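What's in data_14.pdb: PDB, C-alpha atoms
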ATOM      1  CA  MET A  30     184.261  29.195-143.497
ATOM      2  CA  ASN A  31     185.099  25.653-142.453
ATOM      3  CA  HIS A  32     188.201  25.262-140.243
ATOM      4  CA  SER A  33     189.783  21.902-139.610
ATOM      5  CA  HIS A  34     191.135  23.045-136.235
ATOM      6  CA  SER A  35     189.382  22.385-132.935
ATOM      7  CA  GLU A  36     187.709  25.160-130.983
ATOM      8  CA  HIS A  37     190.621  25.219-128.488
ATOM      9  CA  GLU A  38     193.170  26.080-131.156
ATOM     10  CA  VAL A  39     193.858  29.710-131.890
ATOM     11  CA  TYR A  40     196.021  31.665-134.293
ATOM     12  CA  GLY A  41     198.984  33.450-132.745
ATOM     13  CA  ALA A  42     200.579  36.702-133.883
ATOM     14  CA  ASP A  43     202.780  34.735-136.254
ATOM     15  CA  ARG A  44     199.687  33.079-137.842
ATOM     16  CA  HIS A  45     200.672  29.642-136.500
ATOM     17  CA  VAL A  46     198.063  27.435-134.931
ATOM     18  CA  GLY A  47     198.441  26.994-131.185
ATOM     19  CA  HIS A  48     196.293  25.820-128.324
ATOM     20  CA  ALA A  49     194.417  28.314-126.214
ATOM     21  CA  SER A  50     195.758  28.511-122.703
ATOM     22  CA  SER A  51     193.719  28.544-119.569
ATOM     23  CA  PRO A  52     193.156  31.880-117.853
ATOM     24  CA  GLY A  53     196.147  32.817-115.705
ATOM     25  CA  PHE A  54     198.547  30.516-117.579
ATOM     26  CA  PRO A  55     200.695  31.796-120.440
ATOM     27  CA  ASN A  56     200.509  30.105-123.801
ATOM     28  CA  PRO A  57     203.841  28.312-124.242
ATOM     29  CA  SER A  58     205.685  29.399-127.341
ATOM     30  CA  PRO A  59     207.537  26.615-129.171
ATOM     31  CA  ALA A  60     209.880  29.148-130.816
ATOM     32  CA  ALA A  61     211.155  30.593-127.524
ATOM     33  CA  PRO A  62     214.444  29.038-126.376
ATOM     34  CA  PRO A  63     214.601  27.770-122.796
ATOM     35  CA  PRO A  64     215.960  30.360-120.378
ATOM     36  CA  ALA A  65     219.630  30.078-119.422
ATOM     37  CA  PRO A  66     220.357  28.912-115.880
ATOM     38  CA  ALA A  67     220.595  31.817-113.458
ATOM     39  CA  TYR A  68     224.107  30.784-112.380
ATOM     40  CA  ALA A  69     225.617  30.760-115.882
ATOM     41  CA  ALA A  70     227.512  34.019-116.041
ATOM     42  CA  PRO A  71     228.538  35.307-119.467
ATOM     43  CA  TYR A  72     232.131  34.363-120.210
ATOM     44  CA  PHE A  73     233.426  37.855-120.932
ATOM     45  CA  VAL A  74     231.319  40.630-119.524
ATOM     46  CA  GLN A  75     233.075  43.969-119.543
ATOM     47  CA  LEU A  76     232.525  45.985-116.377
ATOM     48  CA  GLY A  77     233.391  49.608-115.688
ATOM     49  CA  GLY A  78     237.128  50.263-115.616
ATOM     50  CA  GLY A  79     237.938  47.469-118.077
ATOM     51  CA  THR A  80     237.455  44.560-115.659
ATOM     52  CA  ARG A  81     235.603  41.357-116.554
ATOM     53  CA  ARG A  82     233.361  39.041-114.594
ATOM     54  CA  TRP A  83     234.456  35.573-113.566
ATOM     55  CA  SER A  84     233.136  32.847-115.868
ATOM     56  CA  THR A  85     231.481  31.124-112.873
ATOM     57  CA  GLY A  86     230.349  32.255-109.459
ATOM     58  CA  LEU A  87     232.193  31.719-106.195
ATOM     59  CA  CYS A  88     229.615  29.282-104.822
ATOM     60  CA  HIS A  89     229.218  27.172-107.963
ATOM     61  CA  CYS A  90     231.650  24.517-106.786
ATOM     62  CA  CYS A  91     229.425  21.660-107.926
ATOM     63  CA  ASP A  92     229.634  22.827-111.551
ATOM     64  CA  ASP A  93     232.757  20.639-111.605
ATOM     65  CA  ALA A  94     231.926  17.933-109.076
ATOM     66  CA  ALA A  95     235.216  16.051-109.485
ATOM     67  CA  ASN A  96     237.283  19.132-108.740
ATOM     68  CA  CYS A  97     234.995  20.022-105.837
ATOM     69  CA  LEU A  98     235.595  16.612-104.272
ATOM     70  CA  ILE A  99     239.356  16.791-104.791
ATOM     71  CA  THR A 100     239.486  20.313-103.371
ATOM     72  CA  CYS A 101     237.475  19.292-100.297
ATOM     73  CA  CYS A 102     239.689  16.276 -99.614
ATOM     74  CA  CYS A 103     243.080  17.673-100.603
ATOM     75  CA  PRO A 104     243.113  21.379-101.556
ATOM     76  CA  CYS A 105     246.874  21.264-102.046
ATOM     77  CA  ILE A 106     246.341  19.392-105.346
ATOM     78  CA  THR A 107     243.998  22.023-106.743
ATOM     79  CA  PHE A 108     246.211  24.831-105.490
ATOM     80  CA  GLY A 109     249.318  23.268-107.062
ATOM     81  CA  GLN A 110     247.593  23.034-110.441
ATOM     82  CA  ILE A 111     246.396  26.635-110.227
ATOM     83  CA  ALA A 112     249.817  27.912-109.118
ATOM     84  CA  GLU A 113     251.633  26.239-112.017
ATOM     85  CA  ILE A 114     249.299  27.722-114.639
ATOM     86  CA  VAL A 115     249.099  31.199-113.078
ATOM     87  CA  SER A 116     252.889  31.387-112.656
ATOM     88  CA  LYS A 117     253.308  30.207-116.268
ATOM     89  CA  GLY A 118     255.425  27.252-115.211
ATOM     90  CA  SER A 119     257.827  29.079-112.904
ATOM     91  CA  SER A 120     256.185  27.316-109.934
ATOM     92  CA  ASN A 121     256.059  23.538-110.087
ATOM     93  CA  CYS A 122     252.689  21.964-109.271
ATOM     94  CA  ALA A 123     254.142  19.489-106.764
ATOM     95  CA  VAL A 124     256.334  22.053-104.995
ATOM     96  CA  SER A 125     253.524  24.619-104.757
ATOM     97  CA  GLY A 126     251.104  21.968-103.516
ATOM     98  CA  ALA A 127     253.573  20.716-100.888
ATOM     99  CA  LEU A 128     254.260  24.245 -99.651
ATOM    100  CA  TYR A 129     250.505  24.859 -99.472
ATOM    101  CA  ALA A 130     250.069  21.646 -97.434
ATOM    102  CA  LEU A 131     252.786  22.762 -94.986
ATOM    103  CA  LEU A 132     251.187  26.181 -94.656
ATOM    104  CA  CYS A 133     247.839  24.484 -93.930
ATOM    105  CA  LEU A 134     249.404  23.210 -90.712
ATOM    106  CA  THR A 135     250.045  26.806 -89.611
ATOM    107  CA  GLY A 136     246.722  28.162 -90.877
ATOM    108  CA  LEU A 137     248.452  30.528 -93.311
ATOM    109  CA  ALA A 138     247.716  28.672 -96.549
ATOM    110  CA  CYS A 139     244.899  31.095 -97.356
ATOM    111  CA  LEU A 140     247.381  33.997 -97.486
ATOM    112  CA  TYR A 141     249.614  32.055 -99.895
ATOM    113  CA  SER A 142     246.689  31.158-102.172
ATOM    114  CA  CYS A 143     245.374  34.722-101.932
ATOM    115  CA  ALA A 144     248.542  35.968-103.662
ATOM    116  CA  TYR A 145     247.881  33.649-106.606
ATOM    117  CA  ARG A 146     244.255  34.788-106.866
ATOM    118  CA  SER A 147     245.441  38.402-107.051
ATOM    119  CA  ARG A 148     247.986  37.450-109.696
ATOM    120  CA  MET A 149     245.355  35.606-111.718
ATOM    121  CA  ARG A 150     242.916  38.511-111.512
ATOM    122  CA  ALA A 151     245.624  40.851-112.791
ATOM    123  CA  GLN A 152     246.514  38.518-115.692
ATOM    124  CA  TYR A 153     242.929  38.166-116.897
ATOM    125  CA  ASP A 154     241.619  41.563-115.738
ATOM    126  CA  LEU A 155     238.960  39.960-113.526
ATOM    127  CA  GLU A 156     236.773  41.829-111.083
ATOM    128  CA  ASP A 157     237.590  41.893-107.370
ATOM    129  CA  ALA A 158     234.366  40.158-106.361
ATOM    130  CA  PRO A 159     232.531  39.327-104.185
ATOM    131  CA  CYS A 160     235.133  41.045-101.978
ATOM    132  CA  VAL A 161     238.897  41.526-101.785
ATOM    133  CA  ASP A 162     241.031  38.472-102.555
ATOM    134  CA  CYS A 163     242.328  37.809 -99.050
ATOM    135  CA  LEU A 164     238.848  37.849 -97.529
ATOM    136  CA  VAL A 165     237.606  35.432-100.180
ATOM    137  CA  HIS A 166     240.426  33.023 -99.336
ATOM    138  CA  VAL A 167     240.194  33.446 -95.563
ATOM    139  CA  PHE A 168     236.451  32.797 -95.396
ATOM    140  CA  CYS A 169     235.836  30.643 -98.498
ATOM    141  CA  GLU A 170     239.136  28.896 -99.234
ATOM    142  CA  GLY A 171     237.654  25.818-100.888
ATOM    143  CA  CYS A 172     235.148  27.777-102.965
ATOM    144  CA  SER A 173     237.785  30.250-104.120
ATOM    145  CA  LEU A 174     240.163  27.465-105.205
ATOM    146  CA  CYS A 175     237.336  25.771-107.109
ATOM    147  CA  GLN A 176     236.385  29.060-108.796
ATOM    148  CA  GLU A 177     239.977  29.736-109.863
ATOM    149  CA  TYR A 178     240.325  26.182-111.174
ATOM    150  CA  ARG A 179     237.099  26.513-113.206
ATOM    151  CA  GLU A 180     238.168  29.910-114.558
ATOM    152  CA  LEU A 181     241.435  28.531-115.892
ATOM    153  CA  LYS A 182     239.665  25.461-117.269
ATOM    154  CA  ASN A 183     237.081  27.687-118.998
ATOM    155  CA  ARG A 184     239.929  29.633-120.557
ATOM    156  CA  GLY A 185     241.112  26.483-122.312
ATOM    157  CA  PHE A 186     243.710  25.082-119.915
ATOM    158  CA  ASP A 187     243.810  21.353-119.256
ATOM    159  CA  MET A 188     244.551  21.538-115.551
ATOM    160  CA  GLY A 189     245.858  17.986-115.290
ATOM    161  CA  ILE A 190     248.772  18.334-117.719
ATOM    162  CA  GLY A 191     250.619  21.380-116.388
ATOM    163  CA  TRP A 192     251.935  24.538-118.003
ATOM    164  CA  GLU A 193     254.454  23.101-120.490
ATOM    165  CA  ALA A 194     252.018  20.553-121.921
ATOM    166  CA  ASN A 195     249.353  23.265-122.271
ATOM    167  CA  VAL A 196     251.818  25.477-124.143
ATOM    168  CA  ASP A 197     252.766  22.558-126.424
ATOM    169  CA  ARG A 198     249.097  21.760-127.015
ATOM    170  CA  GLN A 199     248.345  25.374-127.934
ATOM    171  CA  ARG A 200     251.416  25.573-130.143
ATOM    172  CA  ARG A 201     250.412  22.401-132.015
ATOM    173  CA  GLY A 202     246.862  23.651-132.400
ATOM    174  CA  ILE A 203     248.050  26.900-133.943
ATOM    175  CA  THR A 204     250.917  25.753-136.161
ATOM    176  CA  LEU A 205     249.733  22.369-137.459
ATOM    177  CA  PRO A 206     247.183  22.184-140.259
ATOM    178  CA  PRO A 207     244.103  20.083-139.566
ATOM    179  CA  MET A 208     244.343  16.389-140.347
ATOM    180  CA  VAL A 209     242.358  15.346-143.412
ATOM    181  CA  ALA A 210     240.849  11.893-143.262
ATOM    182  CA  GLN A 211     241.497   9.817-146.366
ATOM    183  CA  GLY A 212     238.477   8.446-148.198
ATOM    184  CA  MET A 213     237.772   4.755-148.574
ATOM    185  CA  THR A 214     239.744   2.970-151.295
ATOM    186  CA  ARG A 215     239.366  -0.422-152.929
TER     187      ARG A 215
END

Would you kindly transcribe this structure into structure tokens?
Amino acid sequence: MNHSHSEHEVYGADRHVGHASSPGFPNPSPAAPPPAPAYAAPYFVQLGGGTRRWSTGLCHCCDDAANCLITCCCPCITFGQIAEIVSKGSSNCAVSGALYALLCLTGLACLYSCAYRSRMRAQYDLEDAPCVDCLVHVFCEGCSLCQEYRELKNRGFDMGIGWEANVDRQRRGITLPPMVAQGMTR
């Protein structure tokens, strides 16, 4: 039988022609999707007791580099945005951020932000990980603020517009029919 394939090509289990791999090296499969990054946690993973995992890890601050930079330079901005969304608008972003900045002078800002992390975990039924909320904020304040910011952002909140604008945006998205583009006319 005359084959038009070279001697290095072999048939795989799916009867497709592939190239033979060298000993010790796997034959790459074109049908296999690339593996997901190890840091990409599933969005909603149900754990025992009804809790869910965070959408991103505590130390994945650079997943949102802009927020990481802002949080490093002025954490009161990030905290104010988180506080307004978590409190559903009852806390103003500017007031919460200013109070956080004042508490930074005393070293107690981490206790204030810890309360909002606990509140957020309760709202979204998130796991208490990697340890209890206050320890996360005492030892990793910047990372915890970045994680909370990313969690809210991954849940569909636009962190820059505040609670009321997010509610209006969601309301418009639910109640308004989609816009239909008109075709070209002469």

Given only C-alpha atoms as the counted atoms, nearest of A:Gly109, A:Gly126, A:Gly118, A:Gly171 to A:His89: A:Gly171

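In this model, the gap between atom CA of A:Asp162 and atom CA of A:Gly189 comes to 24.6 Å.
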
Proximity to A:Arg148 - best of A:Leu98, A:Cys169, A:Ile114, A:Met188, only C-alpha atoms: A:Ile114

One-decimal distance in Å that lies between atom CA of A:Asn121 and atom CA of A:Cys88: 27.6 Å

Test item: the PyMOL selection byres ((chain A and resi 147) around 12) resolved as number ranges by chain: A: 112, 115-116, 140-146, 148-158, 160-166, 173, 177

Separation of atom CA of A:Lys117 from atom CA of A:Asp92, in Å and rounded to one decimal: 25.2 Å

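Residues in contact with A:Cys103 at 12 Å, where all atoms listed in the file are counted and same-chain residues fewer than 2 positions away are skipped, are listed as Ala95, Asn96, Cys97, Leu98, Ile99, Thr100, Cys101, Cys105, Ile106, Thr107, Phe108, Gly109, Gly126, Ala127, Tyr129, Ala130, Cys133, Glu170, Gly171, Leu174 and Cys175 of chain A.
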
Of the listed residues A:Glu113, A:Pro104, A:Ile190, A:Arg200, that which approaches A:Leu132 most closely, counting all atoms listed in the file: A:Pro104
